[in-house]
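Text of the file protein-v6.cif, holding mmCIF, C-alpha atoms and all ligand atoms:
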```
data_protein
loop_
_atom_site.group_PDB
_atom_site.id
_atom_site.type_symbol
_atom_site.label_atom_id
_atom_site.label_comp_id
_atom_site.auth_asym_id
_atom_site.auth_seq_id
_atom_site.Cartn_x
_atom_site.Cartn_y
_atom_site.Cartn_z
ATOM 1 C CA MET A 29 41.445 44.749 53.608
ATOM 2 C CA SER A 30 44.505 42.845 54.496
ATOM 3 C CA GLU A 31 47.357 45.021 55.551
ATOM 4 C CA SER A 32 46.336 48.598 56.163
ATOM 5 C CA THR A 33 46.382 49.899 59.713
ATOM 6 C CA ASP A 34 44.125 52.693 58.669
ATOM 7 C CA PHE A 35 41.557 53.419 61.245
ATOM 8 C CA HIS A 36 40.227 56.044 58.857
ATOM 9 C CA LEU A 37 38.385 53.169 57.313
ATOM 10 C CA GLY A 38 34.702 53.282 57.932
ATOM 11 C CA ILE A 39 34.798 56.271 60.216
ATOM 12 C CA ASN A 40 33.281 58.852 57.992
ATOM 13 C CA GLN A 41 31.329 58.953 54.799
ATOM 14 C CA GLY A 42 33.874 60.861 52.805
ATOM 15 C CA VAL A 43 33.327 64.202 54.447
ATOM 16 C CA ALA A 44 35.346 65.037 57.514
ATOM 17 C CA PRO A 45 38.333 63.003 58.654
ATOM 18 C CA VAL A 46 37.822 64.121 62.214
ATOM 19 C CA THR A 47 34.151 63.731 62.990
ATOM 20 C CA TYR A 48 33.021 60.965 65.254
ATOM 21 C CA GLY A 49 29.538 59.550 65.405
ATOM 22 C CA GLN A 50 29.173 58.908 61.704
ATOM 23 C CA GLY A 51 30.601 55.419 61.781
ATOM 24 C CA ASP A 52 28.719 52.257 62.524
ATOM 25 C CA ARG A 53 30.206 51.894 66.003
ATOM 26 C CA PRO A 54 30.249 54.259 68.952
ATOM 27 C CA PRO A 55 33.582 55.948 69.617
ATOM 28 C CA ARG A 56 35.752 54.014 71.993
ATOM 29 C CA GLY A 57 37.189 56.610 74.358
ATOM 30 C CA ASP A 58 35.672 57.908 77.566
ATOM 31 C CA TYR A 59 34.121 61.191 76.498
ATOM 32 C CA ALA A 60 32.556 61.755 79.924
ATOM 33 C CA GLN A 61 35.973 62.757 81.277
ATOM 34 C CA ALA A 62 36.637 65.322 78.546
ATOM 35 C CA LYS A 63 36.406 69.077 79.037
ATOM 36 C CA ALA A 64 34.307 71.383 76.852
ATOM 37 C CA ASP A 65 37.202 71.681 74.399
ATOM 38 C CA TYR A 66 37.352 67.860 74.270
ATOM 39 C CA THR A 67 40.765 67.649 75.909
ATOM 40 C CA CYS A 68 41.271 65.298 78.849
ATOM 41 C CA GLU A 69 44.016 63.912 81.071
ATOM 42 C CA GLN A 70 46.487 61.497 79.540
ATOM 43 C CA HIS A 71 46.670 59.476 82.804
ATOM 44 C CA TRP A 72 50.056 58.124 81.804
ATOM 45 C CA GLU A 73 50.257 56.086 85.009
ATOM 46 C CA ARG A 74 47.320 54.006 83.844
ATOM 47 C CA TYR A 75 49.128 52.463 80.871
ATOM 48 C CA SER A 76 50.095 48.873 81.591
ATOM 49 C CA ALA A 77 53.434 47.240 80.803
ATOM 50 C CA ALA A 78 51.640 45.476 77.944
ATOM 51 C CA ASP A 79 50.473 48.858 76.555
ATOM 52 C CA HIS A 80 54.032 50.193 76.555
ATOM 53 C CA ASP A 81 55.285 46.996 74.988
ATOM 54 C CA LEU A 82 52.691 47.182 72.214
ATOM 55 C CA TYR A 83 53.698 50.775 71.503
ATOM 56 C CA ARG A 84 57.345 49.709 71.322
ATOM 57 C CA ARG A 85 56.598 46.923 68.858
ATOM 58 C CA LEU A 86 54.518 49.224 66.653
ATOM 59 C CA TYR A 87 57.204 51.895 66.795
ATOM 60 C CA GLU A 88 60.084 49.552 66.026
ATOM 61 C CA ARG A 89 58.328 47.883 63.126
ATOM 62 C CA GLN A 90 57.359 51.179 61.547
ATOM 63 C CA ALA A 91 60.648 52.991 62.226
ATOM 64 C CA ALA A 92 62.487 50.206 60.384
ATOM 65 C CA ARG A 93 60.364 50.863 57.293
ATOM 66 C CA LEU A 94 60.933 54.608 57.053
ATOM 67 C CA PRO A 95 64.285 54.806 55.225
ATOM 68 C CA GLY A 96 63.786 55.492 51.536
ATOM 69 C CA LEU A 97 60.022 55.926 51.988
ATOM 70 C CA ALA A 98 59.479 58.708 54.552
ATOM 71 C CA CYS A 99 60.718 62.257 53.981
ATOM 72 C CA GLU A 100 63.909 63.297 55.757
ATOM 73 C CA GLU A 101 62.159 65.921 57.868
ATOM 74 C CA PHE A 102 59.997 63.180 59.313
ATOM 75 C CA ILE A 103 62.798 60.684 59.882
ATOM 76 C CA ASP A 104 64.916 63.336 61.595
ATOM 77 C CA ALA A 105 62.075 64.364 63.877
ATOM 78 C CA VAL A 106 60.880 60.919 64.965
ATOM 79 C CA ALA A 107 63.657 60.872 67.550
ATOM 80 C CA HIS A 108 61.932 63.746 69.347
ATOM 81 C CA LEU A 109 59.239 61.294 70.399
ATOM 82 C CA GLY A 110 61.783 59.898 72.838
ATOM 83 C CA ALA A 111 62.779 56.323 73.531
ATOM 84 C CA PRO A 112 60.457 53.847 71.845
ATOM 85 C CA HIS A 113 60.091 51.538 74.820
ATOM 86 C CA ARG A 114 57.361 53.603 76.477
ATOM 87 C CA ILE A 115 54.348 55.592 75.348
ATOM 88 C CA PRO A 116 55.574 59.191 75.645
ATOM 89 C CA ARG A 117 54.298 61.470 78.382
ATOM 90 C CA PHE A 118 52.425 64.243 76.613
ATOM 91 C CA ASP A 119 53.632 66.879 79.078
ATOM 92 C CA VAL A 120 57.288 66.048 78.424
ATOM 93 C CA LEU A 121 56.753 65.961 74.670
ATOM 94 C CA SER A 122 54.877 69.262 74.772
ATOM 95 C CA GLU A 123 57.789 70.902 76.523
ATOM 96 C CA LYS A 124 60.063 69.932 73.624
ATOM 97 C CA LEU A 125 57.516 70.941 71.009
ATOM 98 C CA ARG A 126 56.901 74.316 72.625
ATOM 99 C CA CYS A 127 60.612 75.069 72.400
ATOM 100 C CA ALA A 128 60.820 73.945 68.774
ATOM 101 C CA THR A 129 57.686 75.418 67.187
ATOM 102 C CA GLY A 130 55.327 76.614 69.915
ATOM 103 C CA TRP A 131 53.033 73.583 69.537
ATOM 104 C CA GLU A 132 51.887 71.237 72.272
ATOM 105 C CA VAL A 133 50.079 67.910 72.323
ATOM 106 C CA VAL A 134 46.890 67.511 74.342
ATOM 107 C CA ALA A 135 45.093 64.287 75.204
ATOM 108 C CA VAL A 136 41.616 63.614 73.794
ATOM 109 C CA PRO A 137 39.338 60.563 74.176
ATOM 110 C CA GLY A 138 39.507 59.858 70.427
ATOM 111 C CA LEU A 139 37.978 61.454 67.345
ATOM 112 C CA ILE A 140 36.381 64.785 68.170
ATOM 113 C CA PRO A 141 33.890 67.026 66.346
ATOM 114 C CA GLU A 142 35.492 69.019 63.595
ATOM 115 C CA GLU A 143 34.943 72.457 65.100
ATOM 116 C CA ALA A 144 36.660 71.368 68.314
ATOM 117 C CA PHE A 145 39.461 69.896 66.238
ATOM 118 C CA PHE A 146 39.915 73.088 64.204
ATOM 119 C CA ALA A 147 39.871 75.233 67.349
ATOM 120 C CA LEU A 148 42.672 73.214 68.945
ATOM 121 C CA LEU A 149 44.827 73.341 65.813
ATOM 122 C CA ALA A 150 44.293 77.090 65.545
ATOM 123 C CA GLN A 151 45.742 77.328 69.079
ATOM 124 C CA ARG A 152 48.727 75.150 68.122
ATOM 125 C CA ARG A 153 47.437 72.311 70.304
ATOM 126 C CA PHE A 154 47.464 68.936 68.595
ATOM 127 C CA PRO A 155 44.879 66.443 69.899
ATOM 128 C CA VAL A 156 46.321 62.985 70.534
ATOM 129 C CA THR A 157 44.147 60.004 71.449
ATOM 130 C CA GLY A 158 45.091 58.675 74.867
ATOM 131 C CA TRP A 159 44.315 54.983 74.440
ATOM 132 C CA ILE A 160 46.337 52.396 72.583
ATOM 133 C CA ARG A 161 44.902 49.628 70.396
ATOM 134 C CA LYS A 162 44.582 46.061 71.625
ATOM 135 C CA PRO A 163 47.287 43.508 70.789
ATOM 136 C CA GLU A 164 44.977 41.797 68.313
ATOM 137 C CA GLU A 165 44.688 45.139 66.475
ATOM 138 C CA PHE A 166 48.420 45.296 65.813
ATOM 139 C CA ASP A 167 47.944 45.493 62.037
ATOM 140 C CA TYR A 168 44.562 47.079 61.864
ATOM 141 C CA VAL A 169 42.684 49.493 64.058
ATOM 142 C CA VAL A 170 39.492 51.214 62.993
ATOM 143 C CA GLU A 171 39.968 54.491 64.893
ATOM 144 C CA PRO A 172 43.102 56.546 65.438
ATOM 145 C CA ASP A 173 44.922 55.513 68.609
ATOM 146 C CA VAL A 174 47.901 56.997 70.422
ATOM 147 C CA PHE A 175 50.325 55.309 68.041
ATOM 148 C CA HIS A 176 48.840 56.804 64.873
ATOM 149 C CA ASP A 177 48.374 60.228 66.401
ATOM 150 C CA LEU A 178 51.841 60.439 67.926
ATOM 151 C CA PHE A 179 54.012 58.560 65.487
ATOM 152 C CA GLY A 180 52.142 59.733 62.398
ATOM 153 C CA HIS A 181 51.438 63.361 63.199
ATOM 154 C CA VAL A 182 53.714 64.733 65.883
ATOM 155 C CA PRO A 183 57.171 64.498 64.229
ATOM 156 C CA LEU A 184 56.333 67.034 61.525
ATOM 157 C CA LEU A 185 55.005 69.460 64.129
ATOM 158 C CA PHE A 186 58.691 69.971 64.896
ATOM 159 C CA ASN A 187 59.129 71.374 61.370
ATOM 160 C CA PRO A 188 58.495 75.147 61.459
ATOM 161 C CA MET A 189 56.859 75.402 58.043
ATOM 162 C CA PHE A 190 54.626 72.377 58.519
ATOM 163 C CA ALA A 191 53.763 73.555 62.019
ATOM 164 C CA ASP A 192 52.546 76.849 60.583
ATOM 165 C CA TYR A 193 50.532 75.012 57.946
ATOM 166 C CA MET A 194 48.715 72.993 60.616
ATOM 167 C CA GLN A 195 47.768 76.094 62.544
ATOM 168 C CA ALA A 196 46.594 77.844 59.364
ATOM 169 C CA TYR A 197 44.542 74.752 58.587
ATOM 170 C CA GLY A 198 42.824 74.991 61.963
ATOM 171 C CA ALA A 199 41.991 78.658 61.494
ATOM 172 C CA GLY A 200 40.853 77.892 57.947
ATOM 173 C CA GLY A 201 38.639 75.129 59.321
ATOM 174 C CA LEU A 202 36.806 77.496 61.634
ATOM 175 C CA LYS A 203 36.199 79.733 58.653
ATOM 176 C CA ALA A 204 35.134 76.824 56.430
ATOM 177 C CA SER A 205 32.559 75.830 59.075
ATOM 178 C CA ARG A 206 30.940 79.242 58.739
ATOM 179 C CA LEU A 207 31.031 78.963 54.937
ATOM 180 C CA GLU A 208 29.730 75.373 54.988
ATOM 181 C CA ALA A 209 32.800 74.305 53.068
ATOM 182 C CA CYS A 210 34.205 71.727 55.496
ATOM 183 C CA GLU A 211 33.805 68.991 52.919
ATOM 184 C CA TYR A 212 36.307 70.717 50.609
ATOM 185 C CA LEU A 213 38.722 71.512 53.376
ATOM 186 C CA ALA A 214 38.556 67.948 54.699
ATOM 187 C CA ARG A 215 39.778 66.704 51.325
ATOM 188 C CA LEU A 216 42.750 69.012 51.603
ATOM 189 C CA TYR A 217 43.549 67.499 55.022
ATOM 190 C CA TRP A 218 43.161 64.019 53.677
ATOM 191 C CA TYR A 219 45.403 64.490 50.637
ATOM 192 C CA THR A 220 48.092 66.443 52.501
ATOM 193 C CA VAL A 221 48.231 65.858 56.266
ATOM 194 C CA GLU A 222 47.092 62.227 56.079
ATOM 195 C CA PHE A 223 48.164 60.958 52.648
ATOM 196 C CA GLY A 224 50.566 63.539 51.221
ATOM 197 C CA LEU A 225 53.686 62.753 49.202
ATOM 198 C CA ILE A 226 56.618 65.100 48.656
ATOM 199 C CA ASP A 227 59.083 65.226 45.762
ATOM 200 C CA THR A 228 62.671 65.282 47.013
ATOM 201 C CA PRO A 229 66.084 65.079 45.281
ATOM 202 C CA ALA A 230 66.197 61.433 46.372
ATOM 203 C CA GLY A 231 62.758 60.668 44.907
ATOM 204 C CA LEU A 232 59.168 60.672 46.120
ATOM 205 C CA ARG A 233 58.689 60.339 49.869
ATOM 206 C CA ALA A 234 55.728 60.233 52.241
ATOM 207 C CA TYR A 235 54.871 62.973 54.709
ATOM 208 C CA GLY A 236 51.213 62.106 55.430
ATOM 209 C CA ALA A 237 50.473 60.592 58.817
ATOM 210 C CA GLY A 238 47.981 58.045 57.504
ATOM 211 C CA ILE A 239 50.721 56.609 55.322
ATOM 212 C CA LEU A 240 53.556 56.910 57.799
ATOM 213 C CA SER A 241 51.726 55.002 60.517
ATOM 214 C CA SER A 242 50.419 52.306 58.144
ATOM 215 C CA THR A 243 52.234 49.047 57.566
ATOM 216 C CA GLY A 244 51.210 48.418 53.983
ATOM 217 C CA GLU A 245 50.385 51.810 52.576
ATOM 218 C CA LEU A 246 53.817 53.333 53.096
ATOM 219 C CA ARG A 247 55.444 51.234 50.385
ATOM 220 C CA HIS A 248 52.299 51.219 48.253
ATOM 221 C CA SER A 249 52.074 55.010 48.184
ATOM 222 C CA VAL A 250 55.714 55.663 47.384
ATOM 223 C CA ALA A 251 56.870 52.661 45.398
ATOM 224 C CA SER A 252 53.941 50.705 43.904
ATOM 225 C CA THR A 253 53.135 51.169 40.204
ATOM 226 C CA GLU A 254 49.428 50.881 41.026
ATOM 227 C CA PRO A 255 48.324 54.285 42.335
ATOM 228 C CA ARG A 256 48.382 57.586 40.509
ATOM 229 C CA ARG A 257 50.611 60.364 41.802
ATOM 230 C CA ILE A 258 49.483 63.822 40.788
ATOM 231 C CA GLY A 259 51.163 67.186 41.259
ATOM 232 C CA PHE A 260 49.625 69.294 44.031
ATOM 233 C CA ASP A 261 46.683 71.353 42.776
ATOM 234 C CA LEU A 262 44.499 72.936 45.437
ATOM 235 C CA GLU A 263 41.203 73.039 43.575
ATOM 236 C CA ARG A 264 41.723 69.594 42.081
ATOM 237 C CA ILE A 265 42.207 68.210 45.606
ATOM 238 C CA MET A 266 39.155 69.975 46.972
ATOM 239 C CA ARG A 267 37.030 68.344 44.277
ATOM 240 C CA THR A 268 38.368 64.841 44.740
ATOM 241 C CA ARG A 269 36.619 62.208 46.835
ATOM 242 C CA TYR A 270 38.804 59.817 48.791
ATOM 243 C CA ARG A 271 38.778 56.167 49.697
ATOM 244 C CA ILE A 272 38.181 55.191 53.283
ATOM 245 C CA ASP A 273 37.956 51.450 52.644
ATOM 246 C CA SER A 274 41.252 50.730 50.893
ATOM 247 C CA PHE A 275 44.603 52.220 50.014
ATOM 248 C CA GLN A 276 44.292 55.475 48.103
ATOM 249 C CA THR A 277 44.048 55.253 44.321
ATOM 250 C CA SER A 278 45.574 58.727 43.913
ATOM 251 C CA TYR A 279 48.132 60.664 45.909
ATOM 252 C CA PHE A 280 49.037 64.315 45.502
ATOM 253 C CA VAL A 281 52.661 65.396 45.461
ATOM 254 C CA ILE A 282 54.033 68.668 46.833
ATOM 255 C CA ASP A 283 57.485 70.071 46.002
ATOM 256 C CA SER A 284 58.079 71.457 49.484
ATOM 257 C CA PHE A 285 56.280 72.456 52.652
ATOM 258 C CA ALA A 286 56.877 76.057 51.572
ATOM 259 C CA GLN A 287 54.902 75.377 48.388
ATOM 260 C CA LEU A 288 52.076 73.829 50.420
ATOM 261 C CA PHE A 289 52.000 76.775 52.778
ATOM 262 C CA ALA A 290 52.078 79.357 49.988
ATOM 263 C CA ALA A 291 49.414 77.598 47.910
ATOM 264 C CA THR A 292 47.014 77.484 50.849
ATOM 265 C CA ALA A 293 47.653 81.020 52.131
ATOM 266 C CA PRO A 294 45.113 82.889 49.948
ATOM 267 C CA ASP A 295 41.550 83.376 51.129
ATOM 268 C CA PHE A 296 39.612 80.237 50.245
ATOM 269 C CA THR A 297 36.222 81.946 50.041
ATOM 270 C CA PRO A 298 36.298 82.337 46.226
ATOM 271 C CA VAL A 299 38.025 78.959 45.888
ATOM 272 C CA TYR A 300 35.156 77.200 47.671
ATOM 273 C CA ARG A 301 32.702 78.890 45.342
ATOM 274 C CA ARG A 302 34.560 77.771 42.228
ATOM 275 C CA VAL A 303 34.931 74.233 43.530
ATOM 276 C CA ALA A 304 31.212 74.033 44.294
ATOM 277 C CA ASP A 305 30.498 75.092 40.718
ATOM 278 C CA VAL A 306 32.754 72.628 38.910
ATOM 279 C CA GLY A 307 31.567 69.570 40.821
ATOM 280 C CA VAL A 308 33.041 66.515 42.492
ATOM 281 C CA LEU A 309 35.524 64.011 41.083
ATOM 282 C CA GLU A 310 35.775 60.351 41.975
ATOM 283 C CA ALA A 311 38.863 59.211 43.846
ATOM 284 C CA ASP A 312 40.417 57.533 40.800
ATOM 285 C CA SER A 313 39.583 60.167 38.206
ATOM 286 C CA LEU A 314 42.193 61.527 35.810
ATOM 287 C CA LEU A 315 42.116 64.983 34.246
ATOM 288 C CA SER A 316 44.017 66.129 31.170
ATOM 289 C CA THR A 317 45.469 68.896 33.332
ATOM 290 C CA ASP A 318 46.900 66.470 35.929
ATOM 291 C CA ARG A 319 50.658 66.617 36.227
ATOM 292 C CA LEU A 320 51.590 62.956 36.708
ATOM 293 C CA TYR A 321 54.690 61.575 38.408
HETATM 294 N N1 LIG B 401 43.803 80.246 53.388
HETATM 295 C C1 LIG B 401 42.752 79.439 53.916
HETATM 296 C C2 LIG B 401 41.445 80.227 54.007
HETATM 297 O O1 LIG B 401 41.403 81.384 53.768
HETATM 298 C C3 LIG B 401 43.117 78.910 55.293
HETATM 299 C C4 LIG B 401 43.921 77.673 55.205
HETATM 300 C C5 LIG B 401 45.302 77.696 55.246
HETATM 301 C C6 LIG B 401 43.296 76.467 55.086
HETATM 302 C C7 LIG B 401 46.033 76.542 55.172
HETATM 303 C C8 LIG B 401 44.025 75.306 55.027
HETATM 304 C C9 LIG B 401 45.382 75.336 55.061
HETATM 305 O O2 LIG B 401 40.435 79.643 54.314
HETATM 306 FE FE FE B 402 45.438 61.253 61.504
#
```

Could you write out this file's structure as structure tokens?
Ligand code: PHE
Ligand code: FE
Amino acid sequence: MSESTDFHLGINQGVAPVTYGQGDRPPRGDYAQAKADYTCEQHWERYSAADHDLYRRLYERQAARLPGLACEEFIDAVAHLGAPHRIPRFDVLSEKLRCATGWEVVAVPGLIPEEAFFALLAQRRFPVTGWIRKPEEFDYVVEPDVFHDLFGHVPLLFNPMFADYMQAYGAGGLKASRLEACEYLARLYWYTVEFGLIDTPAGLRAYGAGILSSTGELRHSVASTEPRRIGFDLERIMRTRYRIDSFQTSYFVIDSFAQLFAATAPDFTPVYRRVADVGVLEADSLLSTDRLY
């Protein structure tokens, strides 16, 4: 693993992208200070000048890489994060988000259990890790930090259609927990919210947060000849394992956020049943029905 900043690596065993405690190290945040819903104070005043400076360097490096690789909706919305020279105050950012789409960001100590995660999303509250990585983790951090969560995820919460998708995902997650289908739904999160690509008139672009906050994977996902890029197919995605130890071998491409929203609107109960019947696919598998880009 040379270049990826993906903290997803090694966190889970291919099931839920948001469950802590399954990795080989204890989570890093201070969970003792969290409330029952896992939210906590941001304590903005506790960030040091070095923390703000690290955020600025991460932001500036990544922002410079976006043109031609990130989707326009994302590039346009990054500015809402405010000036790059300081870690944003979540309360100020939430005020802007509430006006735009009714979302807010809430601080959490780090990765949280999936049911808590789903419940927050269903309430249009996006959990953002409070702490920032250490300087020596500039290129690589094993858990999501404030930079990934903010820079990667928050811009698209300003997009009305994507914002609705995230809430529907949260509600769908609570339902999937009851149906014991979280594994399938987690793959949908992985291949859309974290590693999704979108087809635009200008070409393929990234909208997934795991790509957009990663130094190496952004170009790899959009421009490398190595990975496969497959047209969005809900059941195909739900069957497909993903890589947590390297760049993805396959990405799934949507035509629009409206398509994503419409394709995921139906009740998943029968979908989960079908997916359970047909069986799992490896991350790099290829089907004759795949629509390749
Ligand atoms: N339609 C899904 C269900 O019935 C809910 C959902 C929507 C899940 C959008 C994910 C994304 O379970
Ligand atoms: Fe993420």

Any chance you could tabulate, as CSV, the residues of region 208-316 of chain A at most 10 Å from region 164-169 of chain A with each one's nearest atom pair and distance in Å to one decimal, using only C-alpha atoms, in chain and rising number order?
```
residue,atom,partner,partner_atom,distance
A:Ser242,CA,A:Asp167,CA,8.2
A:Thr243,CA,A:Asp167,CA,7.1
A:Gly244,CA,A:Asp167,CA,9.2
```

### Contacts with ligand LIG 401 (chain B) at most 6 Å, only C-alpha atoms and all ligand atoms counted, listed as a list of chain:residue names
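Taking only C-alpha atoms and all ligand atoms into account, the residues around ligand LIG 401 (chain B) at most 6 Å away are A:Tyr193, A:Ala196, A:Tyr197, A:Gly200, A:Thr292, A:Ala293, A:Pro294, A:Asp295, A:Phe296.
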
For the residues selected in the previous step, produce a file with C-alpha atoms as a short mmCIF file (atom, residue, chain, number, x, y, z; two decimals), in the frame of the given file.
```cif
data_model
loop_
_atom_site.label_atom_id
_atom_site.label_comp_id
_atom_site.auth_asym_id
_atom_site.auth_seq_id
_atom_site.Cartn_x
_atom_site.Cartn_y
_atom_site.Cartn_z
CA TYR A 193 50.53 75.01 57.95
CA ALA A 196 46.59 77.84 59.36
CA TYR A 197 44.54 74.75 58.59
CA GLY A 200 40.85 77.89 57.95
CA THR A 292 47.01 77.48 50.85
CA ALA A 293 47.65 81.02 52.13
CA PRO A 294 45.11 82.89 49.95
CA ASP A 295 41.55 83.38 51.13
CA PHE A 296 39.61 80.24 50.24
#
```

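With the cut-off set to 6 Å and all atoms listed in the file counted, the residues surrounding ligand FE 402 (chain B) are Asp177, Glu222, Ala237 and Gly238 of chain A.
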
#### Entry: Residue nearest Val106 (chain A) - candidates A:Ala60, A:Leu121, A:Val136, A:Leu262, atoms counted: all atoms listed in the file
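The answer is A:Leu121, which sits nearest to Val106 (chain A).
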
### Message
Ranking A:Ile115, A:Ala150, A:Ala92, A:Val156 by minimum distance to Glu73 (chain A) and counting all atoms listed in the file, which one comes first?
### Response
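Using all atoms listed in the file, Glu73 (chain A) sits closest to A:Ile115.
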
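Across the chains present, the PyMOL selection byres (((chain A and resi 194) around 10) and not hetatm) applied to this file returns Trp131, Phe146, Leu149, Ala150, Gln151, Arg152, Arg153, Phe154, Leu184, Leu185, Met189, Phe190, Ala191, Asp192, Tyr193, Gln195, Ala196, Tyr197, Gly198, Ala199, Gly200, Tyr217, Val221 and Phe289 of chain A.
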
### Query
Looking at only C-alpha atoms, which of A:Asp119, A:Glu100, A:Glu208, A:Glu310 is the one that sits closest to Pro229 (chain A)?
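Checking each candidate against Pro229 (chain A), we get A:Glu100 as the closest.
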
### Message
I need the residue nearest Leu225 (chain A) from this list: A:Asp58, A:Gly130, A:Glu211, A:Tyr321. Use only C-alpha atoms for the distance.
### Response
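Result for the nearest residue to Leu225 (chain A): A:Tyr321.
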
### Query
Residues at most 8 Å from Ser122 (chain A), counting only C-alpha atoms, excluding those fewer than 2 positions away in the same chain, as a list in words?
Phe118, Asp119, Val120, Lys124, Leu125, Arg126, Trp131, Glu132 and Val133 of chain A

### Query
Using all atoms listed in the file, which of the listed residues (A:Ile140, A:Ala105, A:Val303, A:Leu216) sits closest to Asn187 (chain A)?
A:Ala105

### Message
Taking all atoms listed in the file into account, name the residue in A:Ala214, A:Ile226, A:Leu94, A:Val134 that is nearest to Ser284 (chain A).
### Response
A:Ile226

Hey, could you pull the box centre and edge lengths for region 92-110 of chain A, axis-aligned, 6 Å padding per side, all listed atoms, to one decimal in Å, as AutoDock Vina command-line options?
```
--center_x 62.1 --center_y 58.1 --center_z 62.2 --size_x 17.7 --size_y 27.7 --size_z 33.3
```

### Query
CA of Gly236 (chain A) to CA of Tyr219 (chain A): how many Å, to one decimal?
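Atom-to-atom, CA of Gly236 (chain A) to CA of Tyr219 (chain A), that is 7.9 Å.
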
Written as an mmCIF file with C-alpha atoms, in the coordinates of the input, what is the full residue list that the PyMOL selection byres (((chain A and resi 263-279) around 7) and not hetatm) yields on the file shown?
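Produced file result.cif, reproduced below:
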```cif
data_model
loop_
_atom_site.group_PDB
_atom_site.id
_atom_site.type_symbol
_atom_site.label_atom_id
_atom_site.label_comp_id
_atom_site.auth_asym_id
_atom_site.auth_seq_id
_atom_site.Cartn_x
_atom_site.Cartn_y
_atom_site.Cartn_z
ATOM 1 C CA MET A 29 41.445 44.749 53.608
ATOM 2 C CA HIS A 36 40.227 56.044 58.857
ATOM 3 C CA LEU A 37 38.385 53.169 57.313
ATOM 4 C CA GLY A 38 34.702 53.282 57.932
ATOM 5 C CA GLY A 42 33.874 60.861 52.805
ATOM 6 C CA TYR A 212 36.307 70.717 50.609
ATOM 7 C CA LEU A 213 38.722 71.512 53.376
ATOM 8 C CA ARG A 215 39.778 66.704 51.325
ATOM 9 C CA LEU A 216 42.750 69.012 51.603
ATOM 10 C CA TYR A 219 45.403 64.490 50.637
ATOM 11 C CA PHE A 223 48.164 60.958 52.648
ATOM 12 C CA GLY A 224 50.566 63.539 51.221
ATOM 13 C CA LEU A 225 53.686 62.753 49.202
ATOM 14 C CA GLU A 245 50.385 51.810 52.576
ATOM 15 C CA PRO A 255 48.324 54.285 42.335
ATOM 16 C CA ARG A 256 48.382 57.586 40.509
ATOM 17 C CA ARG A 257 50.611 60.364 41.802
ATOM 18 C CA ILE A 258 49.483 63.822 40.788
ATOM 19 C CA ASP A 261 46.683 71.353 42.776
ATOM 20 C CA LEU A 262 44.499 72.936 45.437
ATOM 21 C CA PHE A 280 49.037 64.315 45.502
ATOM 22 C CA VAL A 281 52.661 65.396 45.461
ATOM 23 C CA VAL A 303 34.931 74.233 43.530
ATOM 24 C CA GLY A 307 31.567 69.570 40.821
ATOM 25 C CA VAL A 308 33.041 66.515 42.492
ATOM 26 C CA LEU A 309 35.524 64.011 41.083
ATOM 27 C CA GLU A 310 35.775 60.351 41.975
ATOM 28 C CA ALA A 311 38.863 59.211 43.846
ATOM 29 C CA ASP A 312 40.417 57.533 40.800
#
```

### Task
Would you mind reading off the distance between CA of Ala107 (chain A) and CA of Val174 (chain A), one decimal, in Å?
16.5 Å

Can you sort out region 99-109 of chain A so it carries N, CA and C atoms, written as an mmCIF file, in the frame of the given file?
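Saved the output as rebuild23.cif:
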```cif
data_model
loop_
_atom_site.group_PDB
_atom_site.id
_atom_site.type_symbol
_atom_site.label_atom_id
_atom_site.label_comp_id
_atom_site.auth_asym_id
_atom_site.auth_seq_id
_atom_site.Cartn_x
_atom_site.Cartn_y
_atom_site.Cartn_z
ATOM 1 N N CYS A 99 59.873 61.093 54.263
ATOM 2 C CA CYS A 99 60.718 62.257 53.981
ATOM 3 C C CYS A 99 61.719 62.458 55.124
ATOM 4 N N GLU A 100 62.829 63.096 54.786
ATOM 5 C CA GLU A 100 63.909 63.297 55.757
ATOM 6 C C GLU A 100 63.459 64.083 56.985
ATOM 7 N N GLU A 101 62.636 65.097 56.746
ATOM 8 C CA GLU A 101 62.159 65.921 57.868
ATOM 9 C C GLU A 101 61.458 65.044 58.902
ATOM 10 N N PHE A 102 60.715 64.069 58.410
ATOM 11 C CA PHE A 102 59.997 63.180 59.313
ATOM 12 C C PHE A 102 60.969 62.257 60.039
ATOM 13 N N ILE A 103 61.849 61.638 59.285
ATOM 14 C CA ILE A 103 62.798 60.684 59.882
ATOM 15 C C ILE A 103 63.641 61.386 60.951
ATOM 16 N N ASP A 104 64.100 62.598 60.627
ATOM 17 C CA ASP A 104 64.916 63.336 61.595
ATOM 18 C C ASP A 104 64.138 63.640 62.871
ATOM 19 N N ALA A 105 62.854 63.899 62.722
ATOM 20 C CA ALA A 105 62.075 64.364 63.877
ATOM 21 C C ALA A 105 61.508 63.233 64.729
ATOM 22 N N VAL A 106 61.454 62.029 64.199
ATOM 23 C CA VAL A 106 60.880 60.919 64.965
ATOM 24 C C VAL A 106 61.587 60.754 66.315
ATOM 25 N N ALA A 107 62.884 61.023 66.309
ATOM 26 C CA ALA A 107 63.657 60.872 67.550
ATOM 27 C C ALA A 107 63.129 61.757 68.678
ATOM 28 N N HIS A 108 62.487 62.857 68.313
ATOM 29 C CA HIS A 108 61.932 63.746 69.347
ATOM 30 C C HIS A 108 60.842 63.077 70.172
ATOM 31 N N LEU A 109 60.277 62.002 69.645
ATOM 32 C CA LEU A 109 59.239 61.294 70.399
ATOM 33 C C LEU A 109 59.823 60.626 71.632
#
```
